[in-house]
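Undergrad: One file: protein16.cif (mmCIF, C-alpha atoms).
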```cif
data_run
loop_
_atom_site.label_atom_id
_atom_site.label_comp_id
_atom_site.auth_asym_id
_atom_site.auth_seq_id
_atom_site.Cartn_x
_atom_site.Cartn_y
_atom_site.Cartn_z
CA MET A 5 87.79 78.31 63.33
CA LEU A 6 89.42 75.58 65.39
CA ALA A 7 86.15 74.99 67.20
CA SER A 8 84.52 73.85 63.98
CA VAL A 9 86.93 70.97 63.26
CA GLY A 10 86.84 67.51 64.78
CA GLN A 11 88.44 66.77 68.12
CA GLY A 12 91.18 64.61 66.60
CA ARG A 13 92.19 67.30 64.13
CA VAL A 14 92.23 69.95 66.85
CA SER A 15 94.64 67.91 68.96
CA GLU A 16 96.89 67.43 65.90
CA THR A 17 96.84 71.18 65.31
CA ILE A 18 97.88 71.81 68.91
CA VAL A 19 100.70 69.26 68.58
CA ARG A 20 101.99 70.90 65.37
CA ARG A 21 101.80 74.37 66.91
CA ILE A 22 103.79 73.37 69.99
CA LYS A 23 106.40 71.52 67.90
CA LYS A 24 106.87 74.60 65.72
CA GLN A 25 107.29 76.86 68.73
CA ILE A 26 109.97 74.52 70.04
CA SER A 27 111.81 74.40 66.70
CA ASP A 28 111.56 78.21 66.42
CA GLY A 29 113.11 78.58 69.85
CA ARG A 30 110.06 80.17 71.44
CA LEU A 31 109.67 77.23 73.81
CA ALA A 32 112.69 75.77 75.58
CA ALA A 33 113.32 72.85 77.93
CA GLY A 34 111.67 73.46 81.29
CA HIS A 35 109.05 75.86 79.94
CA LYS A 36 105.63 75.22 81.47
CA LEU A 37 102.71 75.14 79.05
CA PRO A 38 99.32 76.65 79.95
CA ALA A 39 96.92 74.50 81.92
CA GLU A 40 94.44 72.44 79.91
CA ARG A 41 91.60 74.89 80.62
CA GLU A 42 93.61 77.90 79.40
CA MET A 43 94.93 76.10 76.32
CA ALA A 44 91.38 74.99 75.47
CA ARG A 45 90.24 78.59 75.69
CA GLN A 46 93.05 79.76 73.38
CA PHE A 47 92.26 77.12 70.77
CA LYS A 48 88.48 77.39 71.24
CA THR A 49 88.23 73.66 71.83
CA SER A 50 87.62 71.19 74.64
CA ARG A 51 89.99 70.17 77.39
CA VAL A 52 89.76 66.63 76.01
CA SER A 53 91.49 67.76 72.79
CA VAL A 54 94.21 69.54 74.75
CA ARG A 55 94.71 66.50 76.98
CA GLU A 56 95.01 64.29 73.91
CA ALA A 57 97.61 66.65 72.37
CA TYR A 58 99.63 66.75 75.59
CA ARG A 59 99.50 62.95 75.86
CA SER A 60 100.75 62.58 72.26
CA LEU A 61 103.64 64.98 72.91
CA GLU A 62 104.50 63.12 76.10
CA GLU A 63 104.69 59.82 74.20
CA LEU A 64 107.06 61.47 71.72
CA GLY A 65 109.29 62.61 74.57
CA VAL A 66 108.56 66.29 73.87
CA LEU A 67 106.64 66.91 77.12
CA ARG A 68 106.99 65.75 80.71
CA ILE A 69 103.71 65.68 82.64
CA ARG A 70 104.06 66.24 86.38
CA ARG A 71 101.30 65.61 88.87
CA GLY A 72 100.54 67.47 92.07
CA ALA A 73 100.42 71.09 93.20
CA ASP A 74 103.58 72.03 91.30
CA GLY A 75 102.69 69.89 88.32
CA GLY A 76 101.75 70.64 84.74
CA ALA A 77 103.02 70.08 81.21
CA PHE A 78 106.69 71.00 80.79
CA ILE A 79 108.84 71.05 77.65
CA ALA A 80 111.31 68.18 77.98
CA LYS A 81 115.01 68.29 77.32
CA VAL A 82 115.81 67.13 73.80
CA ASP A 83 116.11 63.35 73.86
CA HIS A 84 116.37 61.21 70.72
CA GLU A 85 115.91 57.93 72.59
CA PRO A 86 112.14 57.69 71.90
CA VAL A 87 112.81 58.20 68.19
CA LEU A 88 115.62 55.67 68.30
CA ARG A 89 113.42 53.08 69.97
CA SER A 90 110.66 53.66 67.44
CA LEU A 91 113.03 53.38 64.47
CA ALA A 92 114.71 50.25 65.80
CA LEU A 93 111.29 48.72 66.48
CA VAL A 94 110.03 49.50 62.97
CA LEU A 95 113.13 48.02 61.36
CA GLY A 96 112.99 45.00 63.65
CA LEU A 97 109.31 44.31 63.03
CA ALA A 98 109.90 44.68 59.29
CA LYS A 99 112.42 41.83 59.62
CA THR A 100 115.23 43.79 57.99
CA SER A 101 117.34 41.35 56.00
CA HIS A 102 121.05 40.85 56.50
CA LYS A 103 121.68 42.23 53.00
CA GLU A 104 119.65 45.38 53.71
CA LEU A 105 121.48 45.93 56.99
CA THR A 106 124.85 45.59 55.26
CA GLU A 107 123.85 48.04 52.52
CA ALA A 108 122.63 50.58 55.08
CA ARG A 109 125.76 50.34 57.21
CA LEU A 110 128.05 50.67 54.19
CA LEU A 111 126.18 53.79 53.07
CA ILE A 112 126.07 55.44 56.50
CA GLU A 113 129.04 54.44 58.65
CA PRO A 114 132.02 55.32 56.39
CA PRO A 115 130.79 58.94 55.94
CA ILE A 116 130.18 59.12 59.69
CA ALA A 117 133.79 58.06 60.30
CA ARG A 118 134.99 60.75 57.88
CA LEU A 119 132.94 63.40 59.69
CA ALA A 120 134.26 62.16 63.02
CA ALA A 121 137.84 62.65 61.82
CA ARG A 122 136.99 66.25 60.96
CA ARG A 123 134.85 67.16 63.96
CA ALA A 124 136.03 65.08 66.93
CA ARG A 125 137.08 67.21 69.87
CA LYS A 126 139.83 66.46 72.34
CA GLU A 127 137.38 64.97 74.83
CA ASP A 128 135.84 62.84 72.06
CA ILE A 129 139.23 61.37 71.20
CA ALA A 130 139.84 60.58 74.87
CA ARG A 131 136.42 58.91 75.18
CA LEU A 132 137.03 56.82 72.07
CA GLU A 133 140.44 55.73 73.30
CA ARG A 134 139.06 54.65 76.69
CA ALA A 135 136.33 52.61 75.00
CA LEU A 136 138.86 51.01 72.64
CA GLU A 137 141.29 50.13 75.43
CA GLN A 138 138.49 48.55 77.44
CA GLU A 139 137.38 46.59 74.40
CA GLU A 140 140.93 45.40 73.69
CA GLN A 141 141.35 44.32 77.30
CA GLN A 142 138.11 42.31 77.22
CA ALA A 143 139.11 40.71 73.91
CA SER A 144 142.45 39.57 75.32
CA VAL A 145 140.85 37.85 78.32
CA ARG A 146 139.49 34.42 77.39
CA THR A 147 138.15 33.54 80.86
CA GLY A 148 135.01 34.77 82.58
CA PRO A 149 131.60 35.64 81.10
CA PHE A 150 131.35 37.12 77.62
CA ARG A 151 130.16 40.74 77.76
CA PRO A 152 128.72 42.13 74.51
CA THR A 153 129.94 45.62 73.63
CA GLY A 154 126.71 46.67 71.94
CA SER A 155 128.74 48.38 69.18
CA GLN A 156 129.73 51.04 71.71
CA PHE A 157 132.78 52.08 69.68
CA HIS A 158 130.64 52.69 66.59
CA ARG A 159 128.09 54.66 68.60
CA LEU A 160 130.83 56.89 69.99
CA ILE A 161 132.18 57.57 66.50
CA ALA A 162 128.69 58.68 65.46
CA ALA A 163 128.58 61.03 68.45
CA CYS A 164 131.88 62.56 67.25
CA ALA A 165 130.21 63.46 63.93
CA ARG A 166 127.79 65.79 65.76
CA ASN A 167 124.91 65.15 63.39
CA LEU A 168 121.74 64.09 65.19
CA PRO A 169 120.02 62.31 62.25
CA LEU A 170 123.16 60.27 61.62
CA ILE A 171 123.50 59.49 65.33
CA VAL A 172 119.93 58.21 65.49
CA LEU A 173 120.37 56.09 62.36
CA MET A 174 123.70 54.74 63.57
CA ASN A 175 122.25 53.68 66.92
CA ALA A 176 119.29 51.97 65.28
CA LEU A 177 121.63 50.05 62.94
CA ALA A 178 123.89 49.16 65.86
CA ASP A 179 120.91 47.70 67.72
CA LEU A 180 119.97 45.56 64.71
CA THR A 181 123.56 44.41 64.30
CA ALA A 182 123.72 43.46 67.98
CA ASP A 183 120.51 41.45 67.59
CA ALA A 184 121.98 39.59 64.61
CA ALA A 185 125.24 38.92 66.41
CA ALA A 186 123.38 37.60 69.46
CA ALA A 187 122.38 34.58 67.39
CA ILE A 188 126.02 33.57 66.97
CA ASP A 189 127.77 31.18 69.34
CA VAL A 190 129.45 33.02 72.24
CA SER A 191 132.90 31.50 71.63
CA LEU A 192 132.73 32.54 67.99
CA ARG A 193 131.68 36.07 68.94
CA ALA A 194 134.69 36.29 71.25
CA ARG A 195 137.00 35.42 68.34
CA HIS A 196 135.24 37.98 66.15
CA ARG A 197 135.96 40.64 68.75
CA LEU A 198 139.71 40.32 68.24
CA GLN A 199 139.27 41.10 64.56
CA ASN A 200 136.96 44.00 65.39
CA CYS A 201 139.55 45.46 67.76
CA HIS A 202 142.13 45.39 64.98
CA PHE A 203 139.91 47.52 62.74
CA HIS A 204 138.82 49.76 65.60
CA ARG A 205 142.43 50.60 66.40
CA LEU A 206 143.07 51.55 62.75
CA ILE A 207 139.92 53.67 62.61
CA PHE A 208 140.78 55.36 65.90
CA ASP A 209 144.28 56.23 64.65
CA ALA A 210 142.80 57.73 61.48
CA ILE A 211 140.34 59.85 63.46
CA ARG A 212 143.03 61.01 65.88
CA GLN A 213 145.23 62.00 62.94
CA ARG A 214 142.30 63.86 61.32
CA ASP A 215 142.59 61.65 58.24
CA GLY A 216 138.99 61.55 57.04
CA GLN A 217 139.72 59.60 53.87
CA ALA A 218 141.55 56.86 55.76
CA ALA A 219 138.76 56.70 58.36
CA TYR A 220 136.20 56.33 55.55
CA LYS A 221 138.16 53.60 53.77
CA ILE A 222 138.95 51.54 56.87
CA MET A 223 135.38 51.78 58.16
CA ALA A 224 134.06 50.50 54.83
CA GLU A 225 136.47 47.55 55.02
CA HIS A 226 135.48 46.94 58.64
CA ILE A 227 131.73 46.87 57.93
CA GLY A 228 132.24 44.53 55.00
CA ASP A 229 134.37 42.25 57.17
CA ILE A 230 131.84 42.24 60.04
CA GLN A 231 128.85 41.51 57.88
CA GLY A 232 130.71 38.83 55.95
CA ARG A 233 131.69 37.01 59.15
CA VAL A 234 128.19 37.32 60.61
CA GLN A 235 126.63 35.99 57.40
CA ARG A 236 128.98 33.02 57.25
CA SER A 237 128.35 32.23 60.91
CA LEU A 238 124.59 32.35 60.47
CA LYS A 239 124.79 30.01 57.46
CA GLN A 240 126.76 27.49 59.53
CA ARG A 241 124.08 27.35 62.23
#
```
As structure tokens, please, write out the structure in this file.
TA:
Amino acid sequence: MLASVGQGRVSETIVRRIKKQISDGRLAAGHKLPAEREMARQFKTSRVSVREAYRSLEELGVLRIRRGADGGAFIAKVDHEPVLRSLALVLGLAKTSHKELTEARLLIEPPIARLAARRARKEDIARLERALEQEEQQASVRTGPFRPTGSQFHRLIAACARNLPLIVLMNALADLTADAAAAIDVSLRARHRLQNCHFHRLIFDAIRQRDGQAAYKIMAEHIGDIQGRVQRSLKQR
């Protein structure tokens, strides 16, 4: 019986049960979970265990806790940002090396570009083109403050692939790349952007033409070029 196990294990059981109900489709965004007292009765445990489970799910971004008369524990809309932040933090704290980052990007981004060429919708193409045109415009202007792009073009390509695990990984890698690039002199980063725009235009054309193989090949060349320039710049510091 659940009542016979420790409080910590009971809360973990409640967390697993709620996660499974969400993945099975029995609980959807906006669904209100039973009050702590009722959930404790169902699991034959204490309200403390239920509160601990709800708090854990809230930290994961699975639940939204509202206070007040109309409050309660509600299933949250799917949001991968908490997972992204956790992954980026783990990789950052582990002091991921430049070589490891390059290897990961070469393994992940070319296949993402190939998927994007196959799966991108009309609105995706339009969104990519707007981002590219804005990037090209910023690269051509040498006056005014430098505004980092945050690898927005790469993030949008990942979104075109419509694969959530790949999107999460891509965003985490983009964050690490942005952190590495931030250490480079601003004037040098501005010059790098021109080269990036050249590759981005080629990748965009391949995706628009539904040429997955070309998108894969050019992205691989692009990642190798980026990482090579970043490495050389860091060595010169």
Undergrad: Which of these residues is nearest to Phe203 in chain A, using all atoms listed in the file: A:Ile227, A:Leu110, A:Ala143, A:Ala182?
TA: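 Of A:Ile227, A:Leu110, A:Ala143, A:Ala182, the one nearest Phe203 in chain A is A:Ile227, counting all atoms listed in the file.
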Undergrad: Residues within 6 Å of Ile79 in chain A, please, as a PDB file with C-alpha atoms, in the frame of the given file. Count all atoms listed in the file; anything in the same chain fewer than 3 positions from it doesn't count.
TA:
```
ATOM      1  CA  ALA A  33     113.320  72.850  77.930  1.00  0.00           C
ATOM      2  CA  GLY A  34     111.670  73.460  81.290  1.00  0.00           C
ATOM      3  CA  HIS A  35     109.050  75.860  79.940  1.00  0.00           C
ATOM      4  CA  LEU A  67     106.640  66.910  77.120  1.00  0.00           C
TER       5      LEU A  67
END
```
Undergrad: Can you pull out every residue within 12 Å of range 12-27 of chain A, counting only C-alpha atoms, but drop anything in the same chain fewer than 2 positions away, and send it as a ChimeraX atom specification?
TA: /A:5-10,29-38,40,43-44,46-67,77-82
Undergrad: Extract, using all atoms listed in the file, all DNA, RNA and protein residues at most 10 Å from Phe157 in chain A, discarding same-chain residues fewer than 4 positions from it, and format them as a list in words.
TA: Arg131, Leu132, Glu133, Arg134, Ala135, Leu136, Glu139, Thr153, Ile161, Ala162, Ala163, Cys201, His204 and Phe208 of chain A
Undergrad: May I ask for the distance between CA of Ile171 in chain A and CA of Leu105 in chain A, given in Å to one decimal place?
TA: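 We find that CA of Ile171 in chain A and CA of Leu105 in chain A lie 16.0 Å from each other.
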Undergrad: With 4 Å of padding per side, what axis-aligned box (centre and edge lengths, Å, one decimal) covers all the listed atoms of range 19-25 of chain A? Give it as JSON.
TA:
```
{"center_x": 104.0, "center_y": 73.1, "center_z": 67.7, "size_x": 14.6, "size_y": 15.6, "size_z": 12.6}
```
Undergrad: When the PyMOL selection byres ((chain A and resi 222) around 8) is applied to the file above, which residues end up in the set, as a list of chain:residue names?
TA: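 Applied to this file, the PyMOL selection byres ((chain A and resi 222) around 8) returns A:Pro114, A:Phe203, A:Leu206, A:Ile207, A:Ala218, A:Ala219, A:Tyr220, A:Lys221, A:Met223, A:Ala224, A:Glu225, A:His226.
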Undergrad: Grab the residues selected above and save them as a PDB file, in the frame of the given file with C-alpha atoms.
TA:
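What landed in again_39.pdb:
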```
ATOM      1  CA  PRO A 114     132.020  55.320  56.390  1.00  0.00           C
ATOM      2  CA  PHE A 203     139.910  47.520  62.740  1.00  0.00           C
ATOM      3  CA  LEU A 206     143.070  51.550  62.750  1.00  0.00           C
ATOM      4  CA  ILE A 207     139.920  53.670  62.610  1.00  0.00           C
ATOM      5  CA  ALA A 218     141.550  56.860  55.760  1.00  0.00           C
ATOM      6  CA  ALA A 219     138.760  56.700  58.360  1.00  0.00           C
ATOM      7  CA  TYR A 220     136.200  56.330  55.550  1.00  0.00           C
ATOM      8  CA  LYS A 221     138.160  53.600  53.770  1.00  0.00           C
ATOM      9  CA  MET A 223     135.380  51.780  58.160  1.00  0.00           C
ATOM     10  CA  ALA A 224     134.060  50.500  54.830  1.00  0.00           C
ATOM     11  CA  GLU A 225     136.470  47.550  55.020  1.00  0.00           C
ATOM     12  CA  HIS A 226     135.480  46.940  58.640  1.00  0.00           C
TER      13      HIS A 226
END
```
